[in-house]
Amino acid sequence: MTAPSAFQPAPRQGEEALERDLRPAGFGDFLGQDALLSPLQLMIQASKERRETLEHLLFSGLPGLGKTSLALALANEIGAPLKVTSGPAMERAKDLVGILSSLEAGSILFIDEIHRLPKVVEEYLYGAMERFCVEFTLDQGVHARLLKLEIQPFTLVGATTREALLSAPFRSRFGQVFRFEPYSPAALELILARSAGILGLESQPEALSLLADHSRGTPRVANRLLRRARDVAQIEGNGKLDQKAVRRSFELMGVDSFGLERTDRRILEALALNEGRPLGLKNLAVVVDEGEDTLECVYEPWLVREGFIARTPQGRILMEAGWKAIGQTPKQGVQPSLDLE
Ligand code: ADP
């Protein structure tokens with residue numbers, strides 16, 4: 001038998017658990033997105049007055065912009081039961097039928113990554129979205145019977161990072177598409193101040209502003225940077241979050257003065273190695289050892305927005321700011337060539 005240890009560590013708060021704690025509970029905490037909240041609140045009020053279930057909604061935008069958070073806040077605001085699942089989790093029609101038949105009237109069904117829903121499941125969902133019933137055939141040939149399963153009225157909230165992958169018939173069944181845009185630094189500062197408060201972290205406004213400037217318009221990135229800076233403040237400082245702690249955490253994470261992280265620099269360097277010629281997504285993904293989806297949805301949008309790289313029909317190219325950021329002079333006179341993918 002081992003002797004009981006005097007030191008009892010508290011359970012480690014995983015990144016996921018921390019992210020959950022920082023999630024807005026209602027619309028009041030969902031900061032910096034009035035352009036989304038105003039029309040949504042109007043829809044809620046109108047459907048309430050008509051005593052109808054809220055129409056199905058599609059939330060579209062890059063990862064970390066708050067699609068899941070808004071769906072959860074919405075369910076809290078209208079006091080609706082919430083069921084959460086994701087496209088890849090529903091492999092067969094049976095999985096969908098199981099979820100649909102368990103819904104209470106007025107529920108919100110949140111399906112994350114809805115573009116990854118298998119086609120056959122998607123088609124069953126159509127009837128559920130339109131008529132609140134699912135029809136399916138049992139047996140085959142002369143014994144075939146059409147069964148109809150009635151479902152309680154519900155609101156489907158789908159979230160996608162790849163709206164273009166949704167078929168037109170699927171998209172047309174949503175009452176409204178809400179497109180999430182990157183946040184302004186001012187909005188991110190508000191989010192960071194709220195998160196710091198929840199984490200019980202005393203912070204200087206200048207430190208939060210520095211974090212906001214490096215958060216790529218994305219609350220999830222902002223919260224991640226905040227947690228790393230909190231570690232530094234705790235271990236190397238006096239526990240308070242100041243600019244020094246933030247700068248030191250950037251240094252430890254490999255964030256440079258351009259705001260580029262290691263993977264960003266690997267992307268720029270891969271494009272530079274190609275001598276300025278366009279490089280296709282597949283090849284780039286192999287060179288930097290990241291998934292194509294991650295490159296497209298997580299890294300590239302910000303690099304493009306900041307003018308470090310550009311996407312062309314032939315592939316990705318390095319722009320002047322990109323050459324400068326890795327300390328190289330642009331290769332002149334190289335003609336874009338077709339990338340062999
Ligand atoms: P998505 O579903 O779009 O990938 P999430 O809803 O998971 O993004 O958001 C990631 C984290 O960012 C959340 O845990 C939450 O803490 C924070 N967040 C996102 N949007 C907001 C917002 N508008 N206000 C406050 N915090 C936000």
# chains A, B, ... in the order shown; residues from 1 in each chain; ligands from 1
$ residues_near_ligand --ligand "ligand 1" --cutoff "10 Å" --atoms "only C-alpha atoms and all ligand atoms" --output "MDAnalysis selection string"
chainID A and resid 15:34 36:37 59:73 112:113 159:161 180 182:183 187:188 190:195 218:224
$ residues_around --residues "segment 173-176 of chain A" --least-positions-apart "2" --cutoff "6 Å" --atoms "only C-alpha atoms" --output "number ranges by chain"
A: 55-57, 170-171
$ write_last_selection --atoms "all heavy atoms" --output "CSV table (one decimal), in the first residue's frame"
chain,number,residue,atom,x,y,z
A,55,GLU,N,-37.8,29.9,-36.2
A,55,GLU,CA,-37.4,29.2,-37.4
A,55,GLU,C,-36.0,28.6,-37.3
A,55,GLU,O,-35.2,29.1,-36.5
A,55,GLU,CB,-37.4,30.2,-38.6
A,55,GLU,CG,-38.8,30.5,-39.1
A,55,GLU,CD,-38.8,31.4,-40.4
A,55,GLU,OE1,-38.1,31.0,-41.3
A,55,GLU,OE2,-39.4,32.5,-40.3
A,56,HIS,N,-35.7,27.7,-38.2
A,56,HIS,CA,-34.3,27.1,-38.2
A,56,HIS,C,-33.3,28.1,-38.6
A,56,HIS,O,-33.5,28.9,-39.5
A,56,HIS,CB,-34.3,25.9,-39.2
A,56,HIS,CG,-35.4,24.9,-38.9
A,56,HIS,ND1,-35.5,24.3,-37.7
A,56,HIS,CD2,-36.4,24.5,-39.7
A,56,HIS,CE1,-36.5,23.5,-37.7
A,56,HIS,NE2,-37.1,23.6,-39.0
A,57,LEU,N,-32.1,28.0,-37.9
A,57,LEU,CA,-31.1,29.0,-38.1
A,57,LEU,C,-29.7,28.4,-38.5
A,57,LEU,O,-29.4,27.3,-38.0
A,57,LEU,CB,-30.8,29.8,-36.9
A,57,LEU,CG,-32.0,30.4,-36.2
A,57,LEU,CD1,-31.6,31.0,-34.8
A,57,LEU,CD2,-32.7,31.5,-37.0
A,170,PHE,N,-30.7,22.1,-48.8
A,170,PHE,CA,-30.5,22.2,-47.4
A,170,PHE,C,-30.5,23.6,-46.9
A,170,PHE,O,-31.2,24.0,-46.0
A,170,PHE,CB,-29.2,21.4,-47.0
A,170,PHE,CG,-29.0,21.0,-45.6
A,170,PHE,CD1,-30.1,21.1,-44.7
A,170,PHE,CD2,-27.8,20.6,-45.1
A,170,PHE,CE1,-30.0,20.7,-43.4
A,170,PHE,CE2,-27.7,20.2,-43.8
A,170,PHE,CZ,-28.8,20.2,-42.9
A,171,ARG,N,-29.7,24.4,-47.5
A,171,ARG,CA,-29.6,25.8,-47.1
A,171,ARG,C,-30.9,26.5,-47.1
A,171,ARG,O,-31.2,27.3,-46.2
A,171,ARG,CB,-28.6,26.6,-48.0
A,171,ARG,CG,-27.4,27.1,-47.2
A,171,ARG,CD,-26.5,27.9,-48.1
A,171,ARG,NE,-25.8,27.1,-49.1
A,171,ARG,CZ,-25.1,27.6,-50.0
A,171,ARG,NH1,-24.9,28.9,-50.1
A,171,ARG,NH2,-24.5,26.8,-50.9
$ residues_around --residues "segment 122-134 of chain A" --least-positions-apart "3" --cutoff "10 Å" --atoms "only C-alpha atoms" --output "ChimeraX atom specification"
/A:55-56,87,90,92-94,96-97,100-101,114-119,147-156,166-167,169-170,173-174
$ atom_distance --atom1 "atom CA of Glu52 of chain A" --atom2 "atom CA of Ala35 of chain A"
23.8 Å
$ residues_around --residues "Asp264 of chain A" --least-positions-apart "4" --cutoff "12 Å" --atoms "only C-alpha atoms" --output "PyMOL selection string"
chain A and resi 254-256+258-260+268-271+284+288-290+294-295+298-304+306+308-309+318+322+325-326
$ closest_residue --among "A:Val232, A:Ile317, A:Leu241, A:Met43" --to "Gly276 of chain A" --atoms "only C-alpha atoms"
A:Ile317
$ select_by_dssp --residues "segment 205-247 of chain A" --states "helix (DSSP H, G or I)" --output "short mmCIF file (atom, residue, chain, number, x, y, z; two decimals) with all heavy atoms, in the first residue's frame"
data_model
loop_
_atom_site.label_atom_id
_atom_site.label_comp_id
_atom_site.auth_asym_id
_atom_site.auth_seq_id
_atom_site.Cartn_x
_atom_site.Cartn_y
_atom_site.Cartn_z
N PRO A 205 -5.53 47.37 -18.28
CA PRO A 205 -6.20 47.52 -19.58
C PRO A 205 -5.21 47.43 -20.75
O PRO A 205 -5.54 46.86 -21.79
CB PRO A 205 -6.81 48.93 -19.51
CG PRO A 205 -6.86 49.27 -18.06
CD PRO A 205 -5.81 48.47 -17.36
N GLU A 206 -3.96 47.96 -20.55
CA GLU A 206 -2.97 47.92 -21.66
C GLU A 206 -2.59 46.48 -22.00
O GLU A 206 -2.29 46.17 -23.15
CB GLU A 206 -1.68 48.67 -21.29
CG GLU A 206 -1.85 50.13 -20.91
CD GLU A 206 -2.38 50.32 -19.50
OE1 GLU A 206 -2.10 49.46 -18.64
OE2 GLU A 206 -3.11 51.31 -19.27
N ALA A 207 -2.59 45.63 -20.98
CA ALA A 207 -2.24 44.22 -21.22
C ALA A 207 -3.34 43.55 -22.04
O ALA A 207 -3.07 42.79 -22.98
CB ALA A 207 -2.06 43.49 -19.89
N LEU A 208 -4.59 43.87 -21.70
CA LEU A 208 -5.71 43.28 -22.44
C LEU A 208 -5.72 43.79 -23.88
O LEU A 208 -6.01 43.05 -24.82
CB LEU A 208 -7.04 43.61 -21.76
CG LEU A 208 -7.21 43.04 -20.35
CD1 LEU A 208 -8.59 43.36 -19.80
CD2 LEU A 208 -6.99 41.52 -20.34
N SER A 209 -5.37 45.06 -24.03
CA SER A 209 -5.36 45.65 -25.37
C SER A 209 -4.27 44.98 -26.24
O SER A 209 -4.49 44.70 -27.42
CB SER A 209 -5.15 47.16 -25.21
OG SER A 209 -4.60 47.70 -26.30
N LEU A 210 -3.13 44.69 -25.63
CA LEU A 210 -2.05 44.01 -26.35
C LEU A 210 -2.49 42.60 -26.77
O LEU A 210 -2.25 42.16 -27.90
CB LEU A 210 -0.82 43.93 -25.43
CG LEU A 210 0.49 43.45 -26.04
CD1 LEU A 210 0.91 44.32 -27.21
CD2 LEU A 210 1.60 43.45 -24.96
N LEU A 211 -3.17 41.92 -25.86
CA LEU A 211 -3.68 40.58 -26.19
C LEU A 211 -4.70 40.66 -27.32
O LEU A 211 -4.68 39.86 -28.26
CB LEU A 211 -4.34 39.95 -24.96
CG LEU A 211 -3.41 39.43 -23.86
CD1 LEU A 211 -4.20 39.07 -22.61
CD2 LEU A 211 -2.65 38.19 -24.36
N ALA A 212 -5.58 41.65 -27.22
CA ALA A 212 -6.65 41.80 -28.24
C ALA A 212 -6.04 42.01 -29.62
O ALA A 212 -6.50 41.44 -30.61
CB ALA A 212 -7.56 42.96 -27.87
N ASP A 213 -4.97 42.81 -29.67
CA ASP A 213 -4.31 43.10 -30.95
C ASP A 213 -3.70 41.85 -31.59
O ASP A 213 -3.45 41.83 -32.79
CB ASP A 213 -3.20 44.13 -30.77
CG ASP A 213 -3.77 45.52 -30.60
OD1 ASP A 213 -4.95 45.71 -30.94
OD2 ASP A 213 -3.04 46.41 -30.10
N PRO A 219 -12.37 35.34 -30.64
CA PRO A 219 -12.45 35.19 -29.18
C PRO A 219 -11.75 33.95 -28.66
O PRO A 219 -11.14 34.00 -27.59
CB PRO A 219 -13.96 35.11 -28.91
CG PRO A 219 -14.60 35.78 -30.06
CD PRO A 219 -13.71 35.54 -31.24
N ARG A 220 -11.81 32.83 -29.39
CA ARG A 220 -11.14 31.62 -28.87
C ARG A 220 -9.64 31.85 -28.77
O ARG A 220 -9.01 31.44 -27.79
CB ARG A 220 -11.43 30.40 -29.74
CG ARG A 220 -10.73 29.16 -29.20
CD ARG A 220 -11.04 27.90 -29.97
NE ARG A 220 -12.42 27.50 -29.80
CZ ARG A 220 -13.18 27.02 -30.78
NH1 ARG A 220 -12.69 26.90 -31.98
NH2 ARG A 220 -14.42 26.67 -30.55
N VAL A 221 -9.06 32.52 -29.75
CA VAL A 221 -7.62 32.82 -29.71
C VAL A 221 -7.35 33.77 -28.55
O VAL A 221 -6.40 33.59 -27.78
CB VAL A 221 -7.15 33.44 -31.05
CG1 VAL A 221 -5.69 33.85 -30.96
CG2 VAL A 221 -7.37 32.46 -32.20
N ALA A 222 -8.21 34.77 -28.38
CA ALA A 222 -8.02 35.75 -27.30
C ALA A 222 -7.98 35.04 -25.96
O ALA A 222 -7.07 35.27 -25.14
CB ALA A 222 -9.16 36.77 -27.33
N ASN A 223 -8.93 34.13 -25.73
CA ASN A 223 -8.97 33.42 -24.44
C ASN A 223 -7.76 32.51 -24.25
O ASN A 223 -7.27 32.35 -23.14
CB ASN A 223 -10.27 32.62 -24.33
CG ASN A 223 -11.46 33.52 -24.03
OD1 ASN A 223 -11.31 34.63 -23.54
ND2 ASN A 223 -12.65 33.04 -24.34
N ARG A 224 -7.28 31.94 -25.36
CA ARG A 224 -6.09 31.06 -25.25
C ARG A 224 -4.86 31.89 -24.87
O ARG A 224 -4.11 31.54 -23.97
CB ARG A 224 -5.86 30.34 -26.59
CG ARG A 224 -4.56 29.55 -26.64
CD ARG A 224 -4.48 28.66 -27.86
NE ARG A 224 -4.58 29.33 -29.14
CZ ARG A 224 -3.57 29.92 -29.76
NH1 ARG A 224 -2.37 29.97 -29.21
NH2 ARG A 224 -3.74 30.51 -30.92
N LEU A 225 -4.69 33.03 -25.54
CA LEU A 225 -3.54 33.89 -25.23
C LEU A 225 -3.62 34.39 -23.78
O LEU A 225 -2.61 34.48 -23.08
CB LEU A 225 -3.48 35.09 -26.18
CG LEU A 225 -3.25 34.79 -27.69
CD1 LEU A 225 -3.14 36.10 -28.47
CD2 LEU A 225 -2.01 33.94 -27.91
N LEU A 226 -4.86 34.69 -23.36
CA LEU A 226 -5.05 35.17 -21.99
C LEU A 226 -4.60 34.11 -20.97
O LEU A 226 -3.91 34.41 -19.99
CB LEU A 226 -6.53 35.52 -21.76
CG LEU A 226 -6.90 35.96 -20.35
CD1 LEU A 226 -6.31 37.34 -20.04
CD2 LEU A 226 -8.43 36.01 -20.16
N ARG A 227 -4.96 32.85 -21.24
CA ARG A 227 -4.59 31.79 -20.29
C ARG A 227 -3.07 31.61 -20.22
O ARG A 227 -2.51 31.39 -19.16
CB ARG A 227 -5.28 30.47 -20.68
CG ARG A 227 -6.79 30.52 -20.52
CD ARG A 227 -7.39 29.13 -20.54
NE ARG A 227 -7.16 28.43 -21.78
CZ ARG A 227 -8.02 28.43 -22.82
NH1 ARG A 227 -9.15 29.11 -22.72
NH2 ARG A 227 -7.74 27.76 -23.91
N ARG A 228 -2.41 31.74 -21.38
CA ARG A 228 -0.95 31.59 -21.37
C ARG A 228 -0.31 32.77 -20.62
O ARG A 228 0.65 32.59 -19.86
CB ARG A 228 -0.39 31.51 -22.80
CG ARG A 228 -0.81 30.29 -23.61
CD ARG A 228 -0.29 28.98 -23.05
NE ARG A 228 -0.95 28.54 -21.82
CZ ARG A 228 -2.13 27.92 -21.79
NH1 ARG A 228 -2.77 27.66 -22.90
NH2 ARG A 228 -2.66 27.56 -20.64
N ALA A 229 -0.84 33.96 -20.84
CA ALA A 229 -0.27 35.12 -20.15
C ALA A 229 -0.54 35.03 -18.65
O ALA A 229 0.27 35.46 -17.82
CB ALA A 229 -0.87 36.41 -20.73
N ARG A 230 -1.69 34.44 -18.29
CA ARG A 230 -1.99 34.24 -16.87
C ARG A 230 -0.95 33.32 -16.23
O ARG A 230 -0.49 33.55 -15.12
CB ARG A 230 -3.39 33.63 -16.72
CG ARG A 230 -3.71 33.23 -15.29
CD ARG A 230 -5.10 32.67 -15.15
NE ARG A 230 -5.21 31.28 -15.59
CZ ARG A 230 -6.09 30.41 -15.12
NH1 ARG A 230 -6.96 30.80 -14.20
NH2 ARG A 230 -6.14 29.18 -15.56
N ASP A 231 -0.54 32.28 -16.96
CA ASP A 231 0.50 31.36 -16.43
C ASP A 231 1.78 32.14 -16.12
O ASP A 231 2.39 31.95 -15.06
CB ASP A 231 0.84 30.28 -17.48
CG ASP A 231 -0.32 29.32 -17.73
OD1 ASP A 231 -1.25 29.32 -16.92
OD2 ASP A 231 -0.27 28.60 -18.76
N VAL A 232 2.18 33.01 -17.06
CA VAL A 232 3.42 33.77 -16.87
C VAL A 232 3.28 34.72 -15.68
O VAL A 232 4.17 34.80 -14.82
CB VAL A 232 3.78 34.57 -18.16
CG1 VAL A 232 4.94 35.51 -17.89
CG2 VAL A 232 4.10 33.62 -19.30
N ALA A 233 2.12 35.41 -15.61
CA ALA A 233 1.91 36.36 -14.50
C ALA A 233 2.01 35.63 -13.16
O ALA A 233 2.56 36.14 -12.19
CB ALA A 233 0.56 37.04 -14.65
N GLN A 234 1.49 34.41 -13.14
CA GLN A 234 1.48 33.63 -11.89
C GLN A 234 2.88 33.13 -11.52
O GLN A 234 3.30 33.24 -10.37
CB GLN A 234 0.52 32.45 -12.09
CG GLN A 234 0.42 31.51 -10.91
CD GLN A 234 -0.33 30.23 -11.32
OE1 GLN A 234 -1.25 30.26 -12.13
NE2 GLN A 234 0.08 29.12 -10.75
N ILE A 235 3.61 32.63 -12.52
CA ILE A 235 4.89 31.98 -12.23
C ILE A 235 6.05 32.98 -12.16
O ILE A 235 6.91 32.91 -11.30
CB ILE A 235 5.21 30.88 -13.28
CG1 ILE A 235 4.10 29.81 -13.29
CG2 ILE A 235 6.58 30.24 -13.04
CD1 ILE A 235 3.90 29.10 -11.96
N GLU A 236 6.05 33.93 -13.10
CA GLU A 236 7.21 34.83 -13.18
C GLU A 236 6.94 36.22 -12.62
O GLU A 236 7.85 37.01 -12.43
CB GLU A 236 7.68 34.95 -14.64
CG GLU A 236 8.18 33.63 -15.19
CD GLU A 236 8.77 33.76 -16.58
OE1 GLU A 236 8.87 34.88 -17.11
OE2 GLU A 236 9.13 32.70 -17.14
N GLN A 243 1.60 44.26 -19.22
CA GLN A 243 2.14 44.12 -20.58
C GLN A 243 3.39 43.23 -20.59
O GLN A 243 3.63 42.51 -21.55
CB GLN A 243 2.48 45.48 -21.15
CG GLN A 243 1.25 46.20 -21.67
CD GLN A 243 1.62 47.49 -22.38
OE1 GLN A 243 2.46 48.24 -21.88
NE2 GLN A 243 1.02 47.76 -23.51
N LYS A 244 4.17 43.34 -19.51
CA LYS A 244 5.41 42.56 -19.46
C LYS A 244 5.09 41.06 -19.50
O LYS A 244 5.73 40.30 -20.24
CB LYS A 244 6.15 42.92 -18.16
CG LYS A 244 7.56 42.44 -18.13
CD LYS A 244 8.31 43.03 -16.92
CE LYS A 244 9.44 42.08 -16.57
NZ LYS A 244 9.57 41.85 -15.14
N ALA A 245 4.09 40.67 -18.73
CA ALA A 245 3.72 39.24 -18.70
C ALA A 245 3.19 38.81 -20.07
O ALA A 245 3.49 37.72 -20.54
CB ALA A 245 2.66 39.01 -17.63
N VAL A 246 2.43 39.69 -20.70
CA VAL A 246 1.87 39.35 -22.03
C VAL A 246 3.01 39.18 -23.03
O VAL A 246 3.06 38.19 -23.77
CB VAL A 246 0.87 40.44 -22.50
CG1 VAL A 246 0.43 40.17 -23.94
CG2 VAL A 246 -0.33 40.50 -21.58
N ARG A 247 3.95 40.15 -23.02
CA ARG A 247 5.08 40.08 -23.98
C ARG A 247 5.90 38.81 -23.76
O ARG A 247 6.30 38.15 -24.70
CB ARG A 247 5.97 41.31 -23.83
CG ARG A 247 5.31 42.56 -24.32
CD ARG A 247 6.27 43.46 -25.14
NE ARG A 247 5.49 44.43 -25.89
CZ ARG A 247 5.00 45.55 -25.39
NH1 ARG A 247 5.24 45.86 -24.14
NH2 ARG A 247 4.29 46.35 -26.15
#
$ residues_around --residues "Gly79 of chain A" --least-positions-apart "5" --cutoff "10 Å" --atoms "only C-alpha atoms" --output "PyMOL selection string"
chain A and resi 73-74+106-108
$ write_last_selection --atoms "C-alpha atoms" --output "PDB file, in the first residue's frame"
ATOM      1  CA  ALA A  73     -26.959  31.574 -25.163  1.00  0.00           C
ATOM      2  CA  LEU A  74     -30.046  31.445 -27.393  1.00  0.00           C
ATOM      3  CA  GLY A 106     -39.743  23.994 -28.517  1.00  0.00           C
ATOM      4  CA  SER A 107     -36.265  22.450 -28.142  1.00  0.00           C
ATOM      5  CA  ILE A 108     -33.163  23.773 -29.810  1.00  0.00           C
TER       6      ILE A 108
END
$ atom_distance --atom1 "atom CA of Leu82 of chain A" --atom2 "atom CA of Gly197 of chain A"
27.0 Å
$ select_by_dssp --residues "segment 104-164 of chain A" --states "strand (DSSP E)" --output "NGL selection string"
:A and (107-112 or 133-138 or 145-150 or 154-160)
$ write_last_selection --atoms "N, CA and C atoms" --output "mmCIF file, in the first residue's frame"
data_model
loop_
_atom_site.group_PDB
_atom_site.id
_atom_site.type_symbol
_atom_site.label_atom_id
_atom_site.label_comp_id
_atom_site.auth_asym_id
_atom_site.auth_seq_id
_atom_site.Cartn_x
_atom_site.Cartn_y
_atom_site.Cartn_z
ATOM 1 N N SER A 107 -37.704 22.648 -28.392
ATOM 2 C CA SER A 107 -36.265 22.450 -28.142
ATOM 3 C C SER A 107 -35.423 23.114 -29.218
ATOM 4 N N ILE A 108 -34.169 23.371 -28.833
ATOM 5 C CA ILE A 108 -33.163 23.773 -29.810
ATOM 6 C C ILE A 108 -32.302 22.540 -30.053
ATOM 7 N N LEU A 109 -32.163 22.171 -31.329
ATOM 8 C CA LEU A 109 -31.233 21.089 -31.674
ATOM 9 C C LEU A 109 -30.037 21.745 -32.346
ATOM 10 N N PHE A 110 -28.877 21.692 -31.675
ATOM 11 C CA PHE A 110 -27.673 22.322 -32.232
ATOM 12 C C PHE A 110 -26.820 21.259 -32.908
ATOM 13 N N ILE A 111 -26.600 21.413 -34.206
ATOM 14 C CA ILE A 111 -25.724 20.470 -34.928
ATOM 15 C C ILE A 111 -24.484 21.228 -35.398
ATOM 16 N N ASP A 112 -23.365 20.934 -34.744
ATOM 17 C CA ASP A 112 -22.098 21.565 -35.111
ATOM 18 C C ASP A 112 -21.553 20.871 -36.362
ATOM 19 N N CYS A 133 -41.857 15.790 -39.137
ATOM 20 C CA CYS A 133 -42.064 14.342 -39.168
ATOM 21 C C CYS A 133 -40.972 13.702 -40.023
ATOM 22 N N VAL A 134 -40.664 12.452 -39.730
ATOM 23 C CA VAL A 134 -39.678 11.735 -40.547
ATOM 24 C C VAL A 134 -40.382 10.522 -41.146
ATOM 25 N N GLU A 135 -40.230 10.365 -42.448
ATOM 26 C CA GLU A 135 -40.849 9.213 -43.109
ATOM 27 C C GLU A 135 -39.756 8.256 -43.542
ATOM 28 N N PHE A 136 -39.947 6.982 -43.260
ATOM 29 C CA PHE A 136 -38.961 6.010 -43.729
ATOM 30 C C PHE A 136 -39.635 4.685 -44.065
ATOM 31 N N THR A 137 -39.018 3.964 -44.986
ATOM 32 C CA THR A 137 -39.605 2.707 -45.434
ATOM 33 C C THR A 137 -38.985 1.552 -44.664
ATOM 34 N N LEU A 138 -39.859 0.678 -44.230
ATOM 35 C CA LEU A 138 -39.425 -0.511 -43.508
ATOM 36 C C LEU A 138 -39.595 -1.705 -44.440
ATOM 37 N N ARG A 145 -43.205 -0.958 -46.136
ATOM 38 C CA ARG A 145 -44.228 -0.114 -45.492
ATOM 39 C C ARG A 145 -43.636 1.253 -45.216
ATOM 40 N N LEU A 146 -44.453 2.275 -45.411
ATOM 41 C CA LEU A 146 -43.982 3.626 -45.134
ATOM 42 C C LEU A 146 -44.366 3.990 -43.703
ATOM 43 N N LEU A 147 -43.360 4.277 -42.905
ATOM 44 C CA LEU A 147 -43.652 4.657 -41.517
ATOM 45 C C LEU A 147 -43.452 6.149 -41.344
ATOM 46 N N LYS A 148 -44.305 6.730 -40.521
ATOM 47 C CA LYS A 148 -44.217 8.171 -40.313
ATOM 48 C C LYS A 148 -44.008 8.430 -38.824
ATOM 49 N N LEU A 149 -42.944 9.137 -38.509
ATOM 50 C CA LEU A 149 -42.666 9.432 -37.101
ATOM 51 C C LEU A 149 -42.896 10.924 -36.858
ATOM 52 N N GLU A 150 -43.875 11.207 -35.994
ATOM 53 C CA GLU A 150 -44.155 12.622 -35.675
ATOM 54 C C GLU A 150 -43.112 13.126 -34.673
ATOM 55 N N PHE A 154 -39.453 21.894 -33.240
ATOM 56 C CA PHE A 154 -38.145 22.247 -32.677
ATOM 57 C C PHE A 154 -37.473 23.263 -33.593
ATOM 58 N N THR A 155 -36.398 23.849 -33.102
ATOM 59 C CA THR A 155 -35.599 24.752 -33.925
ATOM 60 C C THR A 155 -34.235 24.124 -34.127
ATOM 61 N N LEU A 156 -33.884 23.955 -35.386
ATOM 62 C CA LEU A 156 -32.541 23.438 -35.684
ATOM 63 C C LEU A 156 -31.593 24.623 -35.799
ATOM 64 N N VAL A 157 -30.500 24.578 -35.060
ATOM 65 C CA VAL A 157 -29.439 25.573 -35.242
ATOM 66 C C VAL A 157 -28.229 24.810 -35.760
ATOM 67 N N GLY A 158 -27.865 25.073 -37.007
ATOM 68 C CA GLY A 158 -26.711 24.406 -37.596
ATOM 69 C C GLY A 158 -25.527 25.350 -37.584
ATOM 70 N N ALA A 159 -24.334 24.818 -37.306
ATOM 71 C CA ALA A 159 -23.130 25.666 -37.367
ATOM 72 C C ALA A 159 -22.190 25.084 -38.404
ATOM 73 N N THR A 160 -21.609 25.965 -39.204
ATOM 74 C CA THR A 160 -20.668 25.487 -40.220
ATOM 75 C C THR A 160 -19.526 26.468 -40.450
#
$ atom_distance --atom1 "atom CA of Asp293 of chain A" --atom2 "atom CA of Glu275 of chain A"
24.4 Å
$ residues_around --residues "Glu292 of chain A" --least-positions-apart "3" --cutoff "8 Å" --atoms "only C-alpha atoms" --output "count of residues only"
5
